[in-house]
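Structure file data.cif (mmCIF, C-alpha atoms) follows.
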data_start
loop_
_atom_site.label_atom_id
_atom_site.label_comp_id
_atom_site.auth_asym_id
_atom_site.auth_seq_id
_atom_site.Cartn_x
_atom_site.Cartn_y
_atom_site.Cartn_z
CA MET A 23 0.00 0.00 0.00
CA ARG A 24 1.33 3.39 -1.01
CA GLU A 25 1.64 5.95 1.78
CA GLN A 26 -0.49 9.02 0.95
CA LEU A 27 1.39 12.32 0.80
CA ILE A 28 0.03 14.73 3.37
CA LYS A 29 0.31 18.49 2.97
CA TYR A 30 0.58 20.64 6.10
CA ILE A 31 -0.37 24.30 5.83
CA ASP A 32 0.24 26.40 8.93
CA LYS A 33 -1.18 29.75 9.99
CA THR A 34 1.72 31.71 8.47
CA ASP A 35 1.36 29.91 5.12
CA ILE A 36 -2.34 30.83 5.14
CA GLN A 37 -1.66 34.48 5.96
CA GLN A 38 0.98 34.78 3.22
CA MET A 39 -1.12 33.05 0.56
CA ASP A 40 -2.46 34.93 -2.46
CA LYS A 41 -5.91 36.33 -1.53
CA ILE A 42 -7.98 34.30 -4.03
CA LYS A 43 -6.13 31.08 -3.24
CA ARG A 44 -6.72 31.60 0.50
CA LEU A 45 -10.40 32.38 -0.15
CA ASN A 46 -10.77 29.11 -2.09
CA LEU A 47 -8.85 27.03 0.45
CA ILE A 48 -10.48 28.30 3.65
CA ASN A 49 -13.96 28.21 2.12
CA SER A 50 -13.38 24.51 1.29
CA LEU A 51 -12.46 23.37 4.78
CA GLN A 52 -15.79 22.87 6.52
CA GLY A 53 -16.93 20.39 3.85
CA PHE A 54 -20.07 20.44 1.72
CA LYS A 55 -22.48 23.24 2.52
CA SER A 56 -26.13 24.03 1.98
CA VAL A 57 -27.00 26.66 -0.62
CA ASN A 58 -29.99 28.92 -0.12
CA LEU A 59 -31.36 32.17 -1.48
CA ILE A 60 -32.21 34.75 1.16
CA ALA A 61 -34.81 37.27 0.01
CA SER A 62 -36.13 40.46 1.56
CA LYS A 63 -37.98 43.70 0.77
CA SER A 64 -37.19 47.22 2.00
CA LEU A 65 -39.86 49.46 3.53
CA LYS A 66 -39.90 51.33 0.21
CA GLY A 67 -40.69 48.06 -1.57
CA GLU A 68 -37.31 47.29 -3.19
CA THR A 69 -36.63 43.56 -3.23
CA ASN A 70 -33.34 41.74 -2.85
CA VAL A 71 -32.25 38.14 -3.21
CA ALA A 72 -28.77 36.74 -2.62
CA ILE A 73 -27.09 33.35 -2.36
CA PHE A 74 -25.80 32.17 1.05
CA ASN A 75 -23.92 29.02 1.95
CA SER A 76 -23.92 29.71 5.69
CA VAL A 77 -27.53 28.97 6.66
CA THR A 78 -27.39 26.91 9.87
CA HIS A 79 -29.89 24.99 11.95
CA LEU A 80 -29.98 26.42 15.48
CA SER A 81 -32.75 24.59 17.32
CA SER A 82 -35.96 22.72 16.67
CA SER A 83 -37.92 23.87 19.75
CA PRO A 84 -38.21 26.80 19.43
CA ALA A 85 -37.66 26.38 15.68
CA MET A 86 -34.74 28.68 14.88
CA ILE A 87 -32.35 29.14 11.99
CA GLY A 88 -29.44 31.50 11.35
CA PHE A 89 -26.93 32.65 8.77
CA ILE A 90 -23.59 34.43 8.70
CA GLN A 91 -23.63 37.96 7.31
CA ARG A 92 -20.29 39.23 6.02
CA PRO A 93 -18.96 42.56 7.34
CA THR A 94 -21.28 45.46 6.59
CA THR A 95 -18.46 47.79 5.48
CA VAL A 96 -20.11 47.77 2.04
CA ILE A 97 -23.90 48.08 1.78
CA ARG A 98 -25.63 44.71 2.16
CA HIS A 99 -29.20 45.29 0.98
CA ASN A 100 -30.61 42.07 2.41
CA TYR A 101 -29.22 42.85 5.84
CA THR A 102 -30.51 46.44 5.75
CA ASN A 103 -33.96 45.23 4.68
CA ILE A 104 -34.04 42.60 7.42
CA LYS A 105 -33.13 45.18 10.09
CA GLU A 106 -35.79 47.57 8.73
CA THR A 107 -38.65 45.10 8.42
CA SER A 108 -37.73 42.03 10.58
CA TYR A 109 -38.79 39.61 7.84
CA PHE A 110 -36.92 37.50 5.31
CA THR A 111 -37.23 34.21 3.50
CA ILE A 112 -34.83 31.30 3.01
CA ASN A 113 -35.35 29.43 -0.26
CA GLN A 114 -33.45 26.27 -1.00
CA ILE A 115 -31.63 25.96 -4.30
CA GLN A 116 -32.38 23.01 -6.57
CA LYS A 117 -30.59 21.64 -9.60
CA GLU A 118 -32.85 23.39 -12.15
CA PHE A 119 -31.72 26.93 -11.27
CA ILE A 120 -28.16 26.78 -9.91
CA ASP A 121 -27.00 29.15 -12.70
CA LYS A 122 -29.58 31.82 -11.79
CA ALA A 123 -28.90 31.34 -8.08
CA HIS A 124 -25.13 31.65 -8.57
CA TYR A 125 -25.66 34.83 -10.61
CA THR A 126 -27.26 36.58 -7.58
CA SER A 127 -23.73 36.81 -6.12
CA ALA A 128 -22.75 39.42 -8.74
CA LYS A 129 -22.59 43.00 -7.43
CA PHE A 130 -25.45 44.60 -9.36
CA PRO A 131 -25.77 48.41 -9.36
CA ASP A 132 -28.03 50.00 -6.74
CA GLY A 133 -31.69 50.17 -7.63
CA LEU A 134 -31.74 46.90 -9.59
CA SER A 135 -33.40 43.85 -8.05
CA GLU A 136 -31.52 40.56 -8.41
CA PHE A 137 -34.92 38.96 -9.04
CA ASP A 138 -35.15 40.78 -12.40
CA GLU A 139 -31.46 40.61 -13.26
CA CYS A 140 -31.17 36.87 -12.57
CA GLY A 141 -34.47 35.71 -14.00
CA LEU A 142 -35.95 34.66 -10.65
CA THR A 143 -39.58 35.26 -9.72
CA GLU A 144 -40.91 37.02 -6.60
CA GLU A 145 -43.76 35.20 -4.92
CA TYR A 146 -45.91 36.46 -2.02
CA LEU A 147 -47.57 33.86 0.19
CA ASP A 148 -50.06 34.16 3.07
CA ASP A 149 -49.46 37.90 3.61
CA PHE A 150 -45.80 37.39 4.60
CA TYR A 151 -43.98 40.69 4.01
CA ALA A 152 -40.81 39.35 2.37
CA PRO A 153 -40.86 37.75 -1.08
CA PHE A 154 -40.25 34.04 -1.60
CA VAL A 155 -38.43 32.67 -4.64
CA LYS A 156 -41.10 31.01 -6.80
CA GLU A 157 -38.59 28.62 -8.44
CA SER A 158 -37.59 27.11 -5.07
CA LYS A 159 -39.30 23.98 -3.80
CA LEU A 160 -38.49 24.50 -0.11
CA LYS A 161 -39.30 27.95 1.27
CA ILE A 162 -39.00 29.16 4.85
CA ALA A 163 -40.63 32.32 6.27
CA VAL A 164 -38.31 33.78 8.94
CA LYS A 165 -38.65 36.57 11.51
CA TYR A 166 -35.51 38.32 12.79
CA LEU A 167 -34.84 37.61 16.48
CA GLU A 168 -31.32 38.66 17.43
CA GLU A 169 -27.80 39.03 16.09
CA HIS A 170 -24.25 38.52 17.34
CA LYS A 171 -21.25 40.40 16.02
CA ILE A 172 -18.12 38.27 15.93
CA GLU A 173 -15.47 40.68 17.20
CA ALA A 174 -12.49 38.95 15.60
CA ASN A 175 -13.69 39.48 12.03
CA ASP A 176 -16.78 41.75 12.09
CA THR A 177 -19.11 39.13 10.62
CA ILE A 178 -22.58 38.82 12.12
CA LEU A 179 -24.61 35.76 13.06
CA VAL A 180 -28.22 36.66 12.25
CA VAL A 181 -30.75 34.56 14.18
CA GLY A 182 -34.40 34.12 13.20
CA SER A 183 -37.48 32.15 14.17
CA ILE A 184 -39.13 29.86 11.63
CA GLU A 185 -42.63 31.22 11.03
CA GLY A 186 -43.69 28.82 8.29
CA VAL A 187 -42.46 26.26 5.79
CA TYR A 188 -43.64 25.43 2.25
CA LEU A 189 -42.54 22.19 0.60
CA PRO A 190 -43.83 19.59 -1.88
CA GLU A 191 -46.30 17.32 -0.09
CA ASP A 192 -44.55 14.13 -1.28
CA THR A 193 -41.10 15.10 0.06
CA MET A 194 -42.03 15.11 3.76
CA LEU A 195 -41.99 11.62 5.23
CA ASP A 196 -44.17 10.51 8.17
CA SER A 197 -41.08 10.72 10.39
CA GLY A 198 -40.78 14.43 9.63
CA ILE A 199 -37.61 13.85 7.58
CA VAL A 200 -37.61 15.86 4.35
CA ASP A 201 -36.32 13.96 1.32
CA LEU A 202 -34.11 16.71 -0.08
CA LYS A 203 -32.74 14.43 -2.79
CA LYS A 204 -36.27 13.86 -4.12
CA MET A 205 -36.67 17.60 -4.67
CA ASP A 206 -33.27 17.79 -6.45
CA ALA A 207 -31.64 19.93 -3.78
CA VAL A 208 -27.91 20.54 -4.24
CA CYS A 209 -24.94 21.41 -2.08
CA ILE A 210 -21.80 23.45 -2.68
CA SER A 211 -18.14 23.26 -1.79
CA GLY A 212 -15.93 26.32 -1.64
CA LEU A 213 -17.51 29.20 -3.54
CA ASN A 214 -18.25 27.88 -7.02
CA THR A 215 -18.69 24.10 -7.18
CA TYR A 216 -22.16 22.54 -7.00
CA TYR A 217 -23.07 18.90 -6.37
CA GLU A 218 -26.04 16.60 -6.50
CA VAL A 219 -26.10 13.77 -3.96
CA ASN A 220 -26.64 10.01 -3.60
CA LYS A 221 -27.74 8.41 -0.38
CA ILE A 222 -25.10 6.04 1.06
CA GLY A 223 -26.09 5.74 4.69
CA TYR A 224 -29.08 5.84 7.02
CA PHE A 225 -28.62 5.06 10.71
CA GLU A 226 -30.92 4.97 13.73
CA TYR A 227 -30.36 7.30 16.70
CA ALA A 228 -27.06 6.03 18.21
CA ARG A 229 -27.06 4.30 21.62
CA PRO A 230 -24.05 3.09 23.66
CA GLY A 231 -23.31 -0.60 23.20
CA ILE A 232 -25.20 -0.91 19.92
CA LEU A 233 -22.98 -0.58 16.85
CA PRO A 234 -24.86 1.47 14.26
CA VAL A 235 -26.25 -0.50 11.32
CA ASN A 236 -26.36 1.24 7.96
CA HIS A 237 -29.88 0.62 6.60
CA ILE A 238 -28.75 1.35 3.04
CA THR A 239 -25.81 -1.08 2.81
CA LYS A 240 -27.18 -3.43 5.55
CA LYS A 241 -23.69 -3.57 7.11
CA MET B 10 -48.15 19.27 -16.55
CA ARG B 11 -49.41 18.18 -13.17
CA GLU B 12 -49.52 20.88 -10.50
CA GLN B 13 -47.33 19.85 -7.54
CA LEU B 14 -49.11 19.64 -4.17
CA ILE B 15 -47.55 22.06 -1.71
CA LYS B 16 -47.70 21.52 2.03
CA TYR B 17 -47.75 24.56 4.32
CA ILE B 18 -46.66 24.10 7.92
CA ASP B 19 -47.04 27.13 10.15
CA LYS B 20 -45.45 28.00 13.50
CA THR B 21 -48.32 26.51 15.51
CA ASP B 22 -48.18 23.23 13.56
CA ILE B 23 -44.44 23.05 14.31
CA GLN B 24 -44.94 23.74 18.03
CA GLN B 25 -47.67 21.11 18.32
CA MET B 26 -45.77 18.43 16.41
CA ASP B 27 -44.47 15.29 18.10
CA LYS B 28 -40.93 16.01 19.38
CA ILE B 29 -39.06 13.52 17.16
CA LYS B 30 -41.01 14.51 14.07
CA ARG B 31 -40.24 18.19 14.73
CA LEU B 32 -36.56 17.37 15.30
CA ASN B 33 -36.41 15.56 11.96
CA LEU B 34 -38.30 18.25 10.06
CA ILE B 35 -36.49 21.34 11.39
CA ASN B 36 -33.08 19.67 11.08
CA SER B 37 -33.85 19.02 7.38
CA LEU B 38 -34.67 22.59 6.44
CA GLN B 39 -31.28 24.22 5.87
CA GLY B 40 -30.36 21.61 3.25
CA PHE B 41 -27.32 19.35 3.06
CA LYS B 42 -24.78 19.93 5.81
CA SER B 43 -21.11 19.21 6.40
CA VAL B 44 -20.25 16.46 8.89
CA ASN B 45 -17.15 16.74 11.03
CA LEU B 46 -15.71 15.17 14.16
CA ILE B 47 -14.64 17.67 16.81
CA ALA B 48 -11.99 16.31 19.16
CA SER B 49 -10.47 17.68 22.36
CA LYS B 50 -8.51 16.67 25.47
CA SER B 51 -9.11 17.78 29.06
CA LEU B 52 -6.27 19.11 31.26
CA LYS B 53 -6.30 15.70 32.99
CA GLY B 54 -5.72 14.04 29.61
CA GLU B 55 -9.20 12.58 28.91
CA THR B 56 -10.03 12.73 25.22
CA ASN B 57 -13.38 13.32 23.57
CA VAL B 58 -14.65 13.17 20.01
CA ALA B 59 -18.15 13.95 18.77
CA ILE B 60 -19.96 14.43 15.48
CA PHE B 61 -21.15 17.93 14.51
CA ASN B 62 -23.12 19.05 11.47
CA SER B 63 -22.93 22.75 12.31
CA VAL B 64 -19.31 23.61 11.46
CA THR B 65 -19.42 26.91 9.54
CA HIS B 66 -16.90 28.97 7.59
CA LEU B 67 -16.60 32.42 9.16
CA SER B 68 -13.82 34.23 7.31
CA SER B 69 -10.72 33.53 5.28
CA SER B 70 -8.60 36.47 6.47
CA PRO B 71 -8.20 36.01 9.37
CA ALA B 72 -8.93 32.31 8.80
CA MET B 73 -11.79 31.54 11.20
CA ILE B 74 -14.27 28.73 11.63
CA GLY B 75 -17.11 28.11 14.10
CA PHE B 76 -19.66 25.59 15.26
CA ILE B 77 -22.94 25.56 17.17
CA GLN B 78 -22.81 24.03 20.65
CA ARG B 79 -26.16 22.82 21.99
CA PRO B 80 -27.28 24.04 25.44
CA THR B 81 -24.87 23.08 28.20
CA THR B 82 -27.64 21.98 30.58
CA VAL B 83 -26.13 18.47 30.36
CA ILE B 84 -22.36 18.06 30.50
CA ARG B 85 -20.75 18.53 27.11
CA HIS B 86 -17.21 17.18 27.46
CA ASN B 87 -15.88 18.68 24.25
CA TYR B 88 -17.09 22.13 25.22
CA THR B 89 -15.66 21.83 28.75
CA ASN B 90 -12.31 20.68 27.34
CA ILE B 91 -12.22 23.52 24.82
CA LYS B 92 -12.90 26.10 27.54
CA GLU B 93 -10.20 24.54 29.76
CA THR B 94 -7.46 24.23 27.15
CA SER B 95 -8.42 26.55 24.23
CA TYR B 96 -7.58 23.88 21.64
CA PHE B 97 -9.65 21.52 19.52
CA THR B 98 -9.55 19.83 16.14
CA ILE B 99 -12.08 19.57 13.32
CA ASN B 100 -11.79 16.36 11.31
CA GLN B 101 -13.83 15.84 8.19
CA ILE B 102 -15.81 12.62 7.83
CA GLN B 103 -15.28 10.45 4.76
CA LYS B 104 -17.24 7.56 3.35
CA GLU B 105 -15.02 4.84 4.91
CA PHE B 106 -15.98 5.61 8.52
CA ILE B 107 -19.49 7.12 8.58
CA ASP B 108 -20.64 4.28 10.87
CA LYS B 109 -17.93 4.98 13.48
CA ALA B 110 -18.47 8.72 13.17
CA HIS B 111 -22.24 8.36 13.63
CA TYR B 112 -21.66 6.18 16.69
CA THR B 113 -19.87 9.07 18.50
CA SER B 114 -23.32 10.65 18.94
CA ALA B 115 -24.30 7.95 21.47
CA LYS B 116 -24.26 9.12 25.11
CA PHE B 117 -21.40 7.00 26.51
CA PRO B 118 -20.93 6.82 30.30
CA ASP B 119 -18.50 9.28 31.90
CA GLY B 120 -14.87 8.22 31.87
CA LEU B 121 -15.04 6.43 28.52
CA SER B 122 -13.46 8.03 25.47
CA GLU B 123 -15.48 7.89 22.25
CA PHE B 124 -12.19 7.19 20.47
CA ASP B 125 -12.01 3.76 22.15
CA GLU B 126 -15.74 3.05 22.10
CA CYS B 127 -16.17 3.90 18.41
CA GLY B 128 -12.97 2.41 17.03
CA LEU B 129 -11.42 5.73 16.06
CA THR B 130 -7.71 6.51 16.54
CA GLU B 131 -6.19 9.47 18.38
CA GLU B 132 -3.34 11.11 16.51
CA TYR B 133 -1.04 13.87 17.79
CA LEU B 134 0.62 16.12 15.22
CA ASP B 135 3.24 18.87 15.53
CA ASP B 136 2.81 19.29 19.30
CA PHE B 137 -0.81 20.44 18.99
CA TYR B 138 -2.52 19.78 22.34
CA ALA B 139 -5.80 18.33 21.07
CA PRO B 140 -5.97 14.95 19.33
CA PHE B 141 -6.75 14.62 15.64
CA VAL B 142 -8.75 11.71 14.22
CA LYS B 143 -6.24 9.54 12.35
CA GLU B 144 -8.91 8.10 10.03
CA SER B 145 -9.84 11.56 8.70
CA LYS B 146 -8.21 12.89 5.54
CA LEU B 147 -8.84 16.59 6.25
CA LYS B 148 -7.83 17.80 9.73
CA ILE B 149 -7.94 21.33 11.09
CA ALA B 150 -6.13 22.56 14.22
CA VAL B 151 -8.26 25.25 15.88
CA LYS B 152 -7.70 27.68 18.75
CA TYR B 153 -10.71 29.01 20.69
CA LEU B 154 -11.24 32.74 20.18
CA GLU B 155 -14.67 33.79 21.43
CA GLU B 156 -18.24 32.58 21.88
CA HIS B 157 -21.74 33.99 21.58
CA LYS B 158 -24.71 32.73 23.50
CA ILE B 159 -27.94 32.85 21.52
CA GLU B 160 -30.43 34.12 24.09
CA ALA B 161 -33.55 32.73 22.42
CA ASN B 162 -32.48 29.08 22.76
CA ASP B 163 -29.29 28.92 24.89
CA THR B 164 -27.14 27.47 22.12
CA ILE B 165 -23.62 28.85 21.73
CA LEU B 166 -21.69 29.83 18.62
CA VAL B 167 -18.07 28.83 19.34
CA VAL B 168 -15.55 30.75 17.21
CA GLY B 169 -11.96 29.64 16.57
CA SER B 170 -8.93 30.56 14.51
CA ILE B 171 -7.49 28.07 12.05
CA GLU B 172 -3.97 27.27 13.25
CA GLY B 173 -3.11 24.60 10.69
CA VAL B 174 -4.57 22.26 8.07
CA TYR B 175 -3.58 18.70 7.06
CA LEU B 176 -4.87 17.24 3.82
CA PRO B 177 -3.81 14.82 1.07
CA GLU B 178 -1.35 16.61 -1.23
CA ASP B 179 -3.27 15.63 -4.39
CA THR B 180 -6.62 17.07 -3.24
CA MET B 181 -5.55 20.74 -3.11
CA LEU B 182 -5.66 22.35 -6.55
CA ASP B 183 -3.38 25.22 -7.63
CA SER B 184 -6.36 27.55 -7.19
CA GLY B 185 -6.55 26.66 -3.49
CA ILE B 186 -9.82 24.77 -4.03
CA VAL B 187 -9.88 21.47 -2.15
CA ASP B 188 -11.38 18.57 -4.12
CA LEU B 189 -13.53 17.13 -1.33
CA LYS B 190 -15.11 14.58 -3.67
CA LYS B 191 -11.65 13.14 -4.44
CA MET B 192 -11.13 12.40 -0.74
CA ASP B 193 -14.59 10.76 -0.49
CA ALA B 194 -16.03 13.40 1.83
CA VAL B 195 -19.73 13.07 2.59
CA CYS B 196 -22.58 15.31 3.67
CA ILE B 197 -25.65 14.76 5.82
CA SER B 198 -29.28 15.80 5.83
CA GLY B 199 -31.35 15.90 8.98
CA LEU B 200 -29.72 13.83 11.72
CA ASN B 201 -29.20 10.38 10.20
CA THR B 202 -28.92 10.36 6.41
CA TYR B 203 -25.52 10.46 4.72
CA TYR B 204 -24.74 11.21 1.07
CA GLU B 205 -21.86 11.05 -1.36
CA VAL B 206 -21.81 13.72 -4.06
CA ASN B 207 -21.43 14.21 -7.83
CA LYS B 208 -20.24 17.46 -9.34
CA ILE B 209 -22.91 19.08 -11.53
CA GLY B 210 -21.77 22.70 -11.73
CA TYR B 211 -18.70 24.89 -11.67
CA PHE B 212 -19.03 28.61 -12.26
CA GLU B 213 -16.61 31.54 -12.32
CA TYR B 214 -16.94 34.43 -9.86
CA ALA B 215 -20.21 36.12 -10.92
CA ARG B 216 -20.13 39.60 -12.50
CA PRO B 217 -23.09 41.82 -13.51
CA GLY B 218 -23.98 41.56 -17.18
CA ILE B 219 -22.24 38.22 -17.72
CA LEU B 220 -24.60 35.24 -17.40
CA PRO B 221 -22.76 32.47 -15.53
CA VAL B 222 -21.58 29.56 -17.69
CA ASN B 223 -21.54 26.12 -16.10
CA HIS B 224 -18.12 24.65 -16.91
CA ILE B 225 -19.38 21.12 -16.28
CA THR B 226 -22.42 21.11 -18.60
CA LYS B 227 -21.02 23.90 -20.88
CA LYS B 228 -24.46 25.54 -20.81
#
Translate the structure of the given file into structure tokens.
Amino acid sequence: MREQLIKYIDKTDIQQMDKIKRLNLINSLQGFKSVNLIASKSLKGETNVAIFNSVTHLSSSPAMIGFIQRPTTVIRHNYTNIKETSYFTINQIQKEFIDKAHYTSAKFPDGLSEFDECGLTEEYLDDFYAPFVKESKLKIAVKYLEEHKIEANDTILVVGSIEGVYLPEDTMLDSGIVDLKKMDAVCISGLNTYYEVNKIGYFEYARPGILPVNHITKK
Amino acid sequence: MREQLIKYIDKTDIQQMDKIKRLNLINSLQGFKSVNLIASKSLKGETNVAIFNSVTHLSSSPAMIGFIQRPTTVIRHNYTNIKETSYFTINQIQKEFIDKAHYTSAKFPDGLSEFDECGLTEEYLDDFYAPFVKESKLKIAVKYLEEHKIEANDTILVVGSIEGVYLPEDTMLDSGIVDLKKMDAVCISGLNTYYEVNKIGYFEYARPGILPVNHITKK
């Protein structure tokens, strides 16, 4: 068996790396990430939608979800809208529109809505103030709760409560598990690479003394 | 074309749901998540390793990474160790050991190390205090920086600086991008379902006026 060559990169190497290379490397490290579109509307009625790969589950009771907002040294319309109105939506990205979703990361001039520029459709449901993304199959209505500024790098954890969820009837199993694969959801690594998935493992809740059995491979 | 049936679940439905069903549903909503093993060692030398699906990229310069720690109303050994010593490691989970990694989520009695119980191997590299997981192909040495308690649900965002990274030489591209697929990294949805991935899209950095081209499908 051939010994695998291991690369070690220390803190100084990282600091001295070319900016784009460092961005690509450090963004790769956590592993595969969810990709969602966060949408909002200002008090004046201007809409915004942008791609985020930092949406994170926070708790199920109360049902809470968060995302990481990059430093607000440049204007971040979504963040401003959320602070103004308290409402936003999280819309999962599926295979059919990864190109349009990726395009929302371009820095469009002020006054243009990414909905129009990227060919995505605003949708208003059940009187919720913020727009949903019509193309998305899994949509979450969220109300702003609190935020935490990370001192070391000026990013902000934005925390919200889940006010409602829309999803295709046939993707929610009796157990409550949502079959994300069935709705063609994708994930991302780094900043630019998108993946579809294949199920390789399903385990029961783990208990001491009982080695987990993989229900897919039966091993 | 058949109209797809959409299910709407509001806040009250979520609150009134059976606990396990709610846990499964709400944990599914963000989409596919990274899965990592976080390992630590107490001052007395007791080691701990546990599975987390909340590791999140925070910034590339300075290189920072975080994770969500559930409420500390029960003893969380990793968290206690991290607060005591300031050091921990994040070890990405690959296909070969998802069963052992999943098993670390069982509540083992005090005094037992999950390394022994789950058949994982402690590895010490370059004098870093906390153990790495030998089986993992992507290992990150992290130093505790700060934490933020989310008032609404008592979870904690733990923030650390990336002190060093170990990965197979042939998985880091010249661009800095890490080919996670090449090292058989996996992702998770909900709490129990693991996936391997297939690349379906690669796009350049998005700029206004230039529709993104998918370099995989050439469309």
Pick from B:Lys30, B:Ile60, B:Ile23, B:Gly169: nearest to chain A, with only C-alpha atoms counted?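 For chain A, the nearest of the given residues is B:Lys30.
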Range 21-32 of chain B, all listed atoms, 8 Å padding on each side: what axis-aligned box centre and edge lengths in Å to one decimal come out, as lines of an AutoDock Vina configuration file?
center_x = -42.4
center_y = 20.0
center_z = 16.5
size_x = 27.8
size_y = 29.0
size_z = 21.8
Hits of the PyMOL selection byres ((chain A and resi 105-113) around 10) in this structure, as an NGL selection string: (:A and (57-65 or 70-74 or 77 or 87-89 or 99-104 or 114-116 or 150-168 or 182-188)) or (:B and (38-40))
Output C-alpha atoms of each residue in that selection to a file, as a compact mmCIF listing (two decimals), keeping the file's coordinate frame.
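Dumped everything to out_35.txt:
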# COMPACT_ATOMS: atom_id res chain seq x y z
CA VAL A 57 -27.00 26.66 -0.62
CA ASN A 58 -29.99 28.92 -0.12
CA LEU A 59 -31.36 32.17 -1.48
CA ILE A 60 -32.21 34.75 1.16
CA ALA A 61 -34.81 37.27 0.01
CA SER A 62 -36.13 40.46 1.56
CA LYS A 63 -37.98 43.70 0.77
CA SER A 64 -37.19 47.22 2.00
CA LEU A 65 -39.86 49.46 3.53
CA ASN A 70 -33.34 41.74 -2.85
CA VAL A 71 -32.25 38.14 -3.21
CA ALA A 72 -28.77 36.74 -2.62
CA ILE A 73 -27.09 33.35 -2.36
CA PHE A 74 -25.80 32.17 1.05
CA VAL A 77 -27.53 28.97 6.66
CA ILE A 87 -32.35 29.14 11.99
CA GLY A 88 -29.44 31.50 11.35
CA PHE A 89 -26.93 32.65 8.77
CA HIS A 99 -29.20 45.29 0.98
CA ASN A 100 -30.61 42.07 2.41
CA TYR A 101 -29.22 42.85 5.84
CA THR A 102 -30.51 46.44 5.75
CA ASN A 103 -33.96 45.23 4.68
CA ILE A 104 -34.04 42.60 7.42
CA GLN A 114 -33.45 26.27 -1.00
CA ILE A 115 -31.63 25.96 -4.30
CA GLN A 116 -32.38 23.01 -6.57
CA PHE A 150 -45.80 37.39 4.60
CA TYR A 151 -43.98 40.69 4.01
CA ALA A 152 -40.81 39.35 2.37
CA PRO A 153 -40.86 37.75 -1.08
CA PHE A 154 -40.25 34.04 -1.60
CA VAL A 155 -38.43 32.67 -4.64
CA LYS A 156 -41.10 31.01 -6.80
CA GLU A 157 -38.59 28.62 -8.44
CA SER A 158 -37.59 27.11 -5.07
CA LYS A 159 -39.30 23.98 -3.80
CA LEU A 160 -38.49 24.50 -0.11
CA LYS A 161 -39.30 27.95 1.27
CA ILE A 162 -39.00 29.16 4.85
CA ALA A 163 -40.63 32.32 6.27
CA VAL A 164 -38.31 33.78 8.94
CA LYS A 165 -38.65 36.57 11.51
CA TYR A 166 -35.51 38.32 12.79
CA LEU A 167 -34.84 37.61 16.48
CA GLU A 168 -31.32 38.66 17.43
CA GLY A 182 -34.40 34.12 13.20
CA SER A 183 -37.48 32.15 14.17
CA ILE A 184 -39.13 29.86 11.63
CA GLU A 185 -42.63 31.22 11.03
CA GLY A 186 -43.69 28.82 8.29
CA VAL A 187 -42.46 26.26 5.79
CA TYR A 188 -43.64 25.43 2.25
CA LEU B 38 -34.67 22.59 6.44
CA GLN B 39 -31.28 24.22 5.87
CA GLY B 40 -30.36 21.61 3.25
For chain A, which residue out of B:Leu32, B:Gly120, B:Pro80, B:Gly54 is the nearest one, using all atoms listed in the file? B:Leu32
What does the distance from CA of Tyr112 in chain B to CA of Asp201 in chain A come to in Å, to one decimal?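 Going from CA of Tyr112 in chain B over to CA of Asp201 in chain A, I get 22.6 Å.
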Taking into account only C-alpha atoms, which residue in the set B:Pro221, B:Pro177, B:Thr56, B:Thr164 is nearest to Tyr133 in chain B?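 Nearest candidate to Tyr133 in chain B out of B:Pro221, B:Pro177, B:Thr56, B:Thr164: B:Thr56.
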Got a sec: who's within 12 Å of Lys227 in chain B, counting only C-alpha atoms, leaving out chain neighbours fewer than 6 positions off, as a PyMOL selection string? (chain A and resi 121) or (chain B and resi 209-212+221)
One decimal, in Å: what's the spacing between CA of Gly141 in chain A and CA of Tyr214 in chain B?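 CA of Gly141 in chain A sits 18.1 Å away from CA of Tyr214 in chain B.
In this comparison, which uses all atoms listed in the file, the residue of A:Ala128, A:Ile232, A:Thr34, A:Lys204 approaching chain B most closely is A:Ala128.
Running the PyMOL selection byres ((chain B and resi 182) around 12) on this file leaves Lys29, Lys43, Arg44, Asn46, Leu47 and Ser50 of chain A; Leu176, Pro177, Glu178, Asp179, Thr180, Met181, Asp183, Ser184, Gly185, Ile186, Val187, Asp188, Leu189 and Lys191 of chain B selected.
CA of Gln91 in chain A to CA of Ile210 in chain A spans 17.7 Å [interatomic distance, one decimal].
The shell of residues at most 10 Å from Lys221 in chain A, with all atoms listed in the file counted and near chain neighbours (fewer than 3 positions) removed, consists of Lys203, Tyr224 and Ile238 of chain A; Val195, Cys196, Ile197, Ser198, Thr202, Tyr203, Tyr204, Glu205 and Val206 of chain B.
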Nearby residues (only C-alpha atoms) at most 8 Å from Ile77 in chain B, same-chain spacing under 6 positions excluded, as a list in words: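 With the cut-off at 8 Å, the set is Leu80 of chain A; Ser63, Val64, Thr164, Ile165, Leu166 and Val167 of chain B.
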Residue with smallest distance to chain B - pool A:Asp206, A:Asn175, A:Phe119, A:Arg98, counting all atoms listed in the file: A:Asn175
Closest of B:Asp119, B:Gln25, B:His66, B:Glu55 to chain A - atom-to-atom distances counting only C-alpha atoms: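 So, comparing all the options, the nearest one is B:His66.
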